[in-house]
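K.L.:
Input file: upload.cif. Contents: mmCIF, C-alpha atoms.
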```cif
data_structure
loop_
_atom_site.group_PDB
_atom_site.id
_atom_site.type_symbol
_atom_site.label_atom_id
_atom_site.label_comp_id
_atom_site.auth_asym_id
_atom_site.auth_seq_id
_atom_site.Cartn_x
_atom_site.Cartn_y
_atom_site.Cartn_z
ATOM 1 C CA MET X 1 -16.312 132.802 -5.059
ATOM 2 C CA ARG X 2 -17.932 129.777 -3.452
ATOM 3 C CA VAL X 3 -19.590 126.990 -5.406
ATOM 4 C CA ARG X 4 -21.332 124.037 -3.824
ATOM 5 C CA VAL X 5 -20.875 120.643 -5.471
ATOM 6 C CA HIS X 6 -23.285 117.730 -4.967
ATOM 7 C CA PHE X 7 -22.565 114.086 -5.748
ATOM 8 C CA TYR X 8 -25.280 111.572 -6.557
ATOM 9 C CA SER X 9 -25.614 107.795 -6.769
ATOM 10 C CA TYR X 10 -22.336 105.900 -6.405
ATOM 11 C CA PHE X 11 -20.367 109.091 -6.979
ATOM 12 C CA LYS X 12 -21.135 109.808 -3.317
ATOM 13 C CA ASP X 13 -19.292 106.604 -2.398
ATOM 14 C CA LEU X 14 -16.387 107.384 -4.723
ATOM 15 C CA ALA X 15 -16.023 110.873 -3.283
ATOM 16 C CA GLY X 16 -16.733 109.734 0.265
ATOM 17 C CA LEU X 17 -19.259 112.544 0.787
ATOM 18 C CA ALA X 18 -22.466 113.911 -0.658
ATOM 19 C CA GLU X 19 -21.428 117.513 -1.117
ATOM 20 C CA VAL X 20 -18.493 119.844 -0.860
ATOM 21 C CA THR X 21 -17.972 123.582 -1.198
ATOM 22 C CA GLU X 22 -15.158 124.832 -3.425
ATOM 23 C CA THR X 23 -13.739 128.319 -3.752
ATOM 24 C CA VAL X 24 -12.974 129.323 -7.337
ATOM 25 C CA ALA X 25 -11.816 132.513 -8.991
ATOM 26 C CA PRO X 26 -14.465 134.683 -10.675
ATOM 27 C CA GLY X 27 -14.739 133.759 -14.347
ATOM 28 C CA SER X 28 -13.678 130.163 -13.770
ATOM 29 C CA ARG X 29 -14.975 127.560 -16.174
ATOM 30 C CA LEU X 30 -16.802 124.481 -15.049
ATOM 31 C CA GLU X 31 -14.070 122.281 -16.542
ATOM 32 C CA ALA X 32 -11.485 123.850 -14.228
ATOM 33 C CA LEU X 33 -13.620 123.006 -11.211
ATOM 34 C CA LEU X 34 -14.010 119.431 -12.466
ATOM 35 C CA GLU X 35 -10.261 119.032 -12.865
ATOM 36 C CA ARG X 36 -9.784 120.178 -9.298
ATOM 37 C CA LEU X 37 -12.424 117.724 -8.086
ATOM 38 C CA PHE X 38 -10.821 114.845 -9.985
ATOM 39 C CA LEU X 39 -7.492 115.660 -8.327
ATOM 40 C CA ARG X 40 -9.083 115.866 -4.922
ATOM 41 C CA PHE X 41 -11.149 112.695 -5.400
ATOM 42 C CA PRO X 42 -9.009 110.290 -7.483
ATOM 43 C CA ARG X 43 -11.644 107.545 -7.435
ATOM 44 C CA LEU X 44 -13.974 109.924 -9.266
ATOM 45 C CA ALA X 45 -11.363 110.639 -11.894
ATOM 46 C CA ALA X 46 -11.753 107.125 -13.267
ATOM 47 C CA MET X 47 -15.353 108.027 -14.130
ATOM 48 C CA ARG X 48 -14.579 111.327 -15.818
ATOM 49 C CA LYS X 49 -15.555 110.155 -19.327
ATOM 50 C CA SER X 50 -19.009 109.010 -18.288
ATOM 51 C CA ALA X 51 -19.687 111.625 -15.610
ATOM 52 C CA LEU X 52 -22.658 113.932 -16.184
ATOM 53 C CA VAL X 53 -22.532 117.499 -14.930
ATOM 54 C CA ALA X 54 -25.308 119.954 -14.167
ATOM 55 C CA VAL X 55 -25.490 123.456 -12.786
ATOM 56 C CA GLY X 56 -28.765 123.983 -11.009
ATOM 57 C CA VAL X 57 -31.248 121.744 -12.825
ATOM 58 C CA ASP X 58 -29.701 121.927 -16.301
ATOM 59 C CA TYR X 59 -26.834 120.060 -17.915
ATOM 60 C CA GLN X 60 -23.822 122.215 -18.722
ATOM 61 C CA SER X 61 -20.655 121.716 -20.717
ATOM 62 C CA GLY X 62 -17.130 122.405 -19.530
ATOM 63 C CA ASP X 63 -17.009 125.919 -20.956
ATOM 64 C CA TYR X 64 -19.804 127.128 -18.672
ATOM 65 C CA ILE X 65 -18.629 130.141 -16.632
ATOM 66 C CA LEU X 66 -19.328 129.612 -12.956
ATOM 67 C CA ALA X 67 -21.178 132.259 -10.958
ATOM 68 C CA GLU X 68 -21.379 132.964 -7.253
ATOM 69 C CA GLY X 69 -23.849 130.624 -5.605
ATOM 70 C CA ASP X 70 -23.940 128.063 -8.409
ATOM 71 C CA GLU X 71 -24.885 124.562 -7.334
ATOM 72 C CA VAL X 72 -22.979 122.003 -9.371
ATOM 73 C CA SER X 73 -24.037 118.365 -9.506
ATOM 74 C CA LEU X 74 -21.859 115.474 -10.628
ATOM 75 C CA PHE X 75 -23.297 112.060 -11.227
ATOM 76 C CA PRO X 76 -22.971 108.831 -13.232
ATOM 77 C CA PRO X 77 -25.127 107.887 -16.253
ATOM 78 C CA VAL X 78 -28.785 107.859 -15.310
ATOM 79 C CA GLN X 79 -30.821 104.654 -14.957
ATOM 80 C CA GLY X 80 -34.466 105.519 -14.532
ATOM 81 C CA GLY X 81 -37.358 103.313 -15.531
ATOM 82 C CA MET R 1 -50.873 119.553 -23.785
ATOM 83 C CA ARG R 2 -52.028 118.490 -20.346
ATOM 84 C CA ARG R 3 -49.279 117.097 -18.106
ATOM 85 C CA GLU R 4 -49.242 115.165 -14.885
ATOM 86 C CA LEU R 5 -45.871 114.278 -13.425
ATOM 87 C CA THR R 6 -45.290 112.540 -10.120
ATOM 88 C CA LEU R 7 -42.197 111.206 -8.383
ATOM 89 C CA SER R 8 -43.369 109.210 -5.422
ATOM 90 C CA GLU R 9 -42.326 106.737 -2.777
ATOM 91 C CA GLN R 10 -45.872 105.355 -2.819
ATOM 92 C CA ARG R 11 -46.950 102.344 -4.856
ATOM 93 C CA ILE R 12 -48.336 103.220 -8.268
ATOM 94 C CA ASP R 13 -52.113 102.713 -8.268
ATOM 95 C CA GLU R 14 -52.589 101.622 -11.863
ATOM 96 C CA GLN R 15 -56.330 101.085 -11.490
ATOM 97 C CA ALA R 16 -56.849 104.603 -10.184
ATOM 98 C CA LEU R 17 -54.762 106.023 -12.988
ATOM 99 C CA TRP R 18 -56.787 104.151 -15.593
ATOM 100 C CA ARG R 19 -60.037 105.293 -14.023
ATOM 101 C CA SER R 20 -58.922 108.923 -14.139
ATOM 102 C CA ARG R 21 -58.020 108.849 -17.817
ATOM 103 C CA ALA R 22 -59.521 111.771 -19.733
ATOM 104 C CA MET R 23 -59.775 111.988 -23.522
ATOM 105 C CA SER R 24 -61.559 114.580 -25.634
ATOM 106 C CA ALA R 25 -63.690 113.652 -28.627
ATOM 107 C CA GLY R 26 -60.880 113.985 -31.147
ATOM 108 C CA MET R 27 -58.575 111.565 -29.358
ATOM 109 C CA GLY R 28 -58.419 107.965 -30.516
ATOM 110 C CA ALA R 29 -55.323 106.515 -28.845
ATOM 111 C CA ALA R 30 -54.148 106.083 -25.276
ATOM 112 C CA VAL R 31 -50.827 104.267 -25.020
ATOM 113 C CA CYS R 32 -49.738 103.168 -21.577
ATOM 114 C CA PHE R 33 -46.395 101.643 -20.624
ATOM 115 C CA VAL R 34 -45.618 100.141 -17.250
ATOM 116 C CA GLY R 35 -42.047 99.406 -16.207
ATOM 117 C CA VAL R 36 -41.880 96.607 -13.633
ATOM 118 C CA VAL R 37 -38.947 95.687 -11.399
ATOM 119 C CA ARG R 38 -37.538 92.299 -12.367
ATOM 120 C CA GLY R 39 -36.760 89.695 -9.732
ATOM 121 C CA THR R 40 -33.242 89.187 -11.019
ATOM 122 C CA GLU R 41 -30.318 91.456 -11.758
ATOM 123 C CA GLU R 42 -27.381 90.071 -13.728
ATOM 124 C CA GLY R 43 -28.510 86.541 -12.913
ATOM 125 C CA ARG R 44 -28.867 87.078 -9.175
ATOM 126 C CA ALA R 45 -32.149 87.116 -7.306
ATOM 127 C CA ILE R 46 -33.075 90.522 -5.925
ATOM 128 C CA SER R 47 -35.818 91.674 -3.600
ATOM 129 C CA GLY R 48 -36.149 94.961 -5.429
ATOM 130 C CA LEU R 49 -34.461 98.162 -6.489
ATOM 131 C CA GLU R 50 -33.581 101.264 -4.509
ATOM 132 C CA TYR R 51 -34.260 104.322 -6.657
ATOM 133 C CA GLU R 52 -32.507 107.618 -5.987
ATOM 134 C CA ALA R 53 -33.457 110.834 -7.751
ATOM 135 C CA PHE R 54 -32.148 114.370 -7.916
ATOM 136 C CA VAL R 55 -35.765 115.464 -7.734
ATOM 137 C CA PRO R 56 -35.749 119.130 -8.854
ATOM 138 C CA MET R 57 -33.595 118.307 -11.862
ATOM 139 C CA ALA R 58 -35.572 115.152 -12.651
ATOM 140 C CA LEU R 59 -38.787 117.187 -12.756
ATOM 141 C CA ARG R 60 -37.129 119.800 -14.960
ATOM 142 C CA GLN R 61 -35.734 117.214 -17.366
ATOM 143 C CA PHE R 62 -39.039 115.367 -17.609
ATOM 144 C CA HIS R 63 -40.773 118.624 -18.513
ATOM 145 C CA LEU R 64 -38.133 119.365 -21.158
ATOM 146 C CA LEU R 65 -38.867 115.927 -22.663
ATOM 147 C CA PHE R 66 -42.581 116.664 -22.565
ATOM 148 C CA ASP R 67 -41.860 119.961 -24.362
ATOM 149 C CA GLN R 68 -39.985 118.076 -27.072
ATOM 150 C CA ALA R 69 -42.714 115.454 -27.415
ATOM 151 C CA GLU R 70 -45.365 118.157 -27.623
ATOM 152 C CA GLY R 71 -43.394 119.829 -30.400
ATOM 153 C CA ARG R 72 -43.138 116.627 -32.428
ATOM 154 C CA TRP R 73 -46.559 115.026 -32.037
ATOM 155 C CA PRO R 74 -50.129 116.355 -31.574
ATOM 156 C CA LEU R 75 -50.530 115.066 -28.022
ATOM 157 C CA GLU R 76 -53.458 115.863 -25.787
ATOM 158 C CA SER R 77 -51.895 114.643 -22.550
ATOM 159 C CA VAL R 78 -48.968 112.907 -20.921
ATOM 160 C CA ARG R 79 -49.211 111.425 -17.454
ATOM 161 C CA LEU R 80 -46.117 109.934 -15.862
ATOM 162 C CA VAL R 81 -45.410 108.459 -12.447
ATOM 163 C CA HIS R 82 -41.934 107.302 -11.391
ATOM 164 C CA ARG R 83 -41.178 105.649 -8.096
ATOM 165 C CA VAL R 84 -38.303 106.664 -5.839
ATOM 166 C CA GLY R 85 -37.031 104.824 -2.790
ATOM 167 C CA ASN R 86 -37.494 101.068 -2.381
ATOM 168 C CA VAL R 87 -39.481 99.311 -5.081
ATOM 169 C CA GLY R 88 -40.059 95.599 -4.635
ATOM 170 C CA ALA R 89 -39.611 93.022 -7.378
ATOM 171 C CA GLY R 90 -42.813 92.737 -9.356
ATOM 172 C CA GLU R 91 -43.906 96.277 -8.512
ATOM 173 C CA ALA R 92 -44.299 99.024 -11.084
ATOM 174 C CA SER R 93 -41.482 101.555 -11.040
ATOM 175 C CA LEU R 94 -42.713 103.605 -14.001
ATOM 176 C CA TRP R 95 -46.164 104.309 -15.401
ATOM 177 C CA ILE R 96 -46.705 106.517 -18.417
ATOM 178 C CA GLU R 97 -49.750 107.253 -20.532
ATOM 179 C CA VAL R 98 -49.806 109.266 -23.732
ATOM 180 C CA VAL R 99 -53.065 110.382 -25.346
ATOM 181 C CA ALA R 100 -53.106 111.420 -29.000
ATOM 182 C CA PRO R 101 -55.478 111.394 -31.983
ATOM 183 C CA HIS R 102 -53.923 108.258 -33.516
ATOM 184 C CA ARG R 103 -51.863 105.280 -32.355
ATOM 185 C CA GLU R 104 -48.759 106.120 -34.387
ATOM 186 C CA GLU R 105 -48.057 109.358 -32.564
ATOM 187 C CA ALA R 106 -49.115 107.948 -29.202
ATOM 188 C CA PHE R 107 -46.730 104.977 -29.511
ATOM 189 C CA ALA R 108 -43.924 107.138 -30.890
ATOM 190 C CA ALA R 109 -44.215 109.775 -28.178
ATOM 191 C CA CYS R 110 -44.382 107.175 -25.411
ATOM 192 C CA GLN R 111 -41.309 105.409 -26.763
ATOM 193 C CA PHE R 112 -39.492 108.729 -27.140
ATOM 194 C CA ILE R 113 -40.150 109.838 -23.572
ATOM 195 C CA VAL R 114 -39.139 106.510 -22.017
ATOM 196 C CA THR R 115 -36.007 106.210 -24.156
ATOM 197 C CA GLU R 116 -34.868 109.773 -23.523
ATOM 198 C CA MET R 117 -35.721 109.536 -19.834
ATOM 199 C CA LYS R 118 -33.085 106.834 -19.546
ATOM 200 C CA ARG R 119 -30.561 109.255 -21.032
ATOM 201 C CA VAL R 120 -31.224 112.549 -19.276
ATOM 202 C CA VAL R 121 -33.468 112.270 -16.212
ATOM 203 C CA PRO R 122 -31.282 111.999 -13.078
ATOM 204 C CA ILE R 123 -32.664 108.864 -11.483
ATOM 205 C CA TRP R 124 -30.492 105.912 -10.470
ATOM 206 C CA LYS R 125 -31.203 102.472 -9.152
ATOM 207 C CA LYS R 126 -29.355 99.972 -7.027
ATOM 208 C CA ALA R 127 -30.271 96.322 -6.720
ATOM 209 C CA VAL R 128 -31.181 94.991 -3.294
ATOM 210 C CA LEU R 129 -29.883 91.410 -3.230
ATOM 211 C CA ILE R 130 -31.983 88.819 -1.436
ATOM 212 C CA ASP R 131 -28.927 87.360 0.316
ATOM 213 C CA ASN R 132 -28.070 90.784 1.735
#
```
Starting from the file, give its structure as structure tokens.
P.N.:
Amino acid sequence: MRVRVHFYSYFKDLAGLAEVTETVAPGSRLEALLERLFLRFPRLAAMRKSALVAVGVDYQSGDYILAEGDEVSLFPPVQGG
Amino acid sequence: MRRELTLSEQRIDEQALWRSRAMSAGMGAAVCFVGVVRGTEEGRAISGLEYEAFVPMALRQFHLLFDQAEGRWPLESVRLVHRVGNVGAGEASLWIEVVAPHREEAFAACQFIVTEMKRVVPIWKKAVLIDN
């Protein structure tokens, strides 16, 4: 099952790219995908406590069950205004 | 509640926004807040800020905040404009207007939306240093 992951703000610099596609097993939780991403992109791992995570246009917690075609976004604390 | 929400690379035309304000007979308060880009960031002179947004999610999260505000206060309208892209020092980056029957709810709702926006709406900014 393929899931596309987008990085925003300085997370793009930490990851070295703006998006990546990961293959995960059906029924995988979001937290498992994040752990894999933190292993793959060690500079992102330092931000894991403050990182915000969304699927589509809504925030999701680690126990969210990923579905085929999900678009996951990972980004630092927001700073609008 | 009437809503107008805009994310734009264009300058915010405050005069036009004021001229287009609409209030029904029962409304007695229009609170407007304008966020302006400072000319310094952490003590260093900057020429402006570069705003980046995850636009579809930003729009969604703004509307969720409007839903919450509408549930808490008897608002007639919320209009909000947020800049994206390059915003020069001294320019408005955020304009919001809340119309309600009385000032208490208009101030409270405006404060709520701006405060929560800075917590949940995926917009980021990066200073553009003058000596860059």
K.L.:
Report as a PyMOL selection string the residues that result from applying the PyMOL selection byres ((chain X and resi 23) around 6) to the structure here.
P.N.:
chain X and resi 1-2+22+24
K.L.:
Dump as a list of chain:residue names the residues of chain X that approach chain R to within 9 Å, counting only C-alpha atoms.
P.N.:
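Result, ordered by chain then number: X:Tyr8, X:Ser9, X:Ala54, X:Gly56, X:Val57, X:Asp58, X:Tyr59, X:Phe75, X:Pro76, X:Pro77, X:Val78, X:Gln79, X:Gly80, X:Gly81.
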K.L.:
In Å, rounded to a single decimal, give me how far CA of Glu9 (chain R) is from CA of Gly85 (chain R).
P.N.:
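So the answer is 5.6 Å.
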K.L.:
I need the output of the PyMOL selection byres ((chain X and resi 36-42) around 10) for this file as JSON, numbers by chain; which residues are they?
P.N.:
{"X": [5, 14, 15, 16, 20, 22, 24, 31, 32, 33, 34, 35, 43, 44, 45, 46, 47, 48]}
K.L.:
Counting only C-alpha atoms, which of R:Val99, R:Leu64, R:Val81, R:Ile113 gets nearest to Ile12 (chain R)?
P.N.:
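The shortest atom-to-atom distance to Ile12 (chain R) comes from R:Val81.
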K.L.:
Would you kindly return, as number ranges by chain, each protein, DNA or RNA residue with an atom no farther than 10 Å from any atom of Val55 (chain X), considering only C-alpha atoms and excluding same-chain residues fewer than 2 positions away?
P.N.:
X: 4-6, 30, 53, 57-61, 64, 66-67, 70-74; R: 57
K.L.:
Can I get the selected residues back with C-alpha atoms, as a compact mmCIF listing (two decimals), keeping the file's coordinate frame?
P.N.:
```
# COMPACT_ATOMS: atom_id res chain seq x y z
CA ARG X 4 -21.33 124.04 -3.82
CA VAL X 5 -20.88 120.64 -5.47
CA HIS X 6 -23.28 117.73 -4.97
CA LEU X 30 -16.80 124.48 -15.05
CA VAL X 53 -22.53 117.50 -14.93
CA VAL X 57 -31.25 121.74 -12.82
CA ASP X 58 -29.70 121.93 -16.30
CA TYR X 59 -26.83 120.06 -17.92
CA GLN X 60 -23.82 122.22 -18.72
CA SER X 61 -20.66 121.72 -20.72
CA TYR X 64 -19.80 127.13 -18.67
CA LEU X 66 -19.33 129.61 -12.96
CA ALA X 67 -21.18 132.26 -10.96
CA ASP X 70 -23.94 128.06 -8.41
CA GLU X 71 -24.88 124.56 -7.33
CA VAL X 72 -22.98 122.00 -9.37
CA SER X 73 -24.04 118.36 -9.51
CA LEU X 74 -21.86 115.47 -10.63
CA MET R 57 -33.60 118.31 -11.86
```
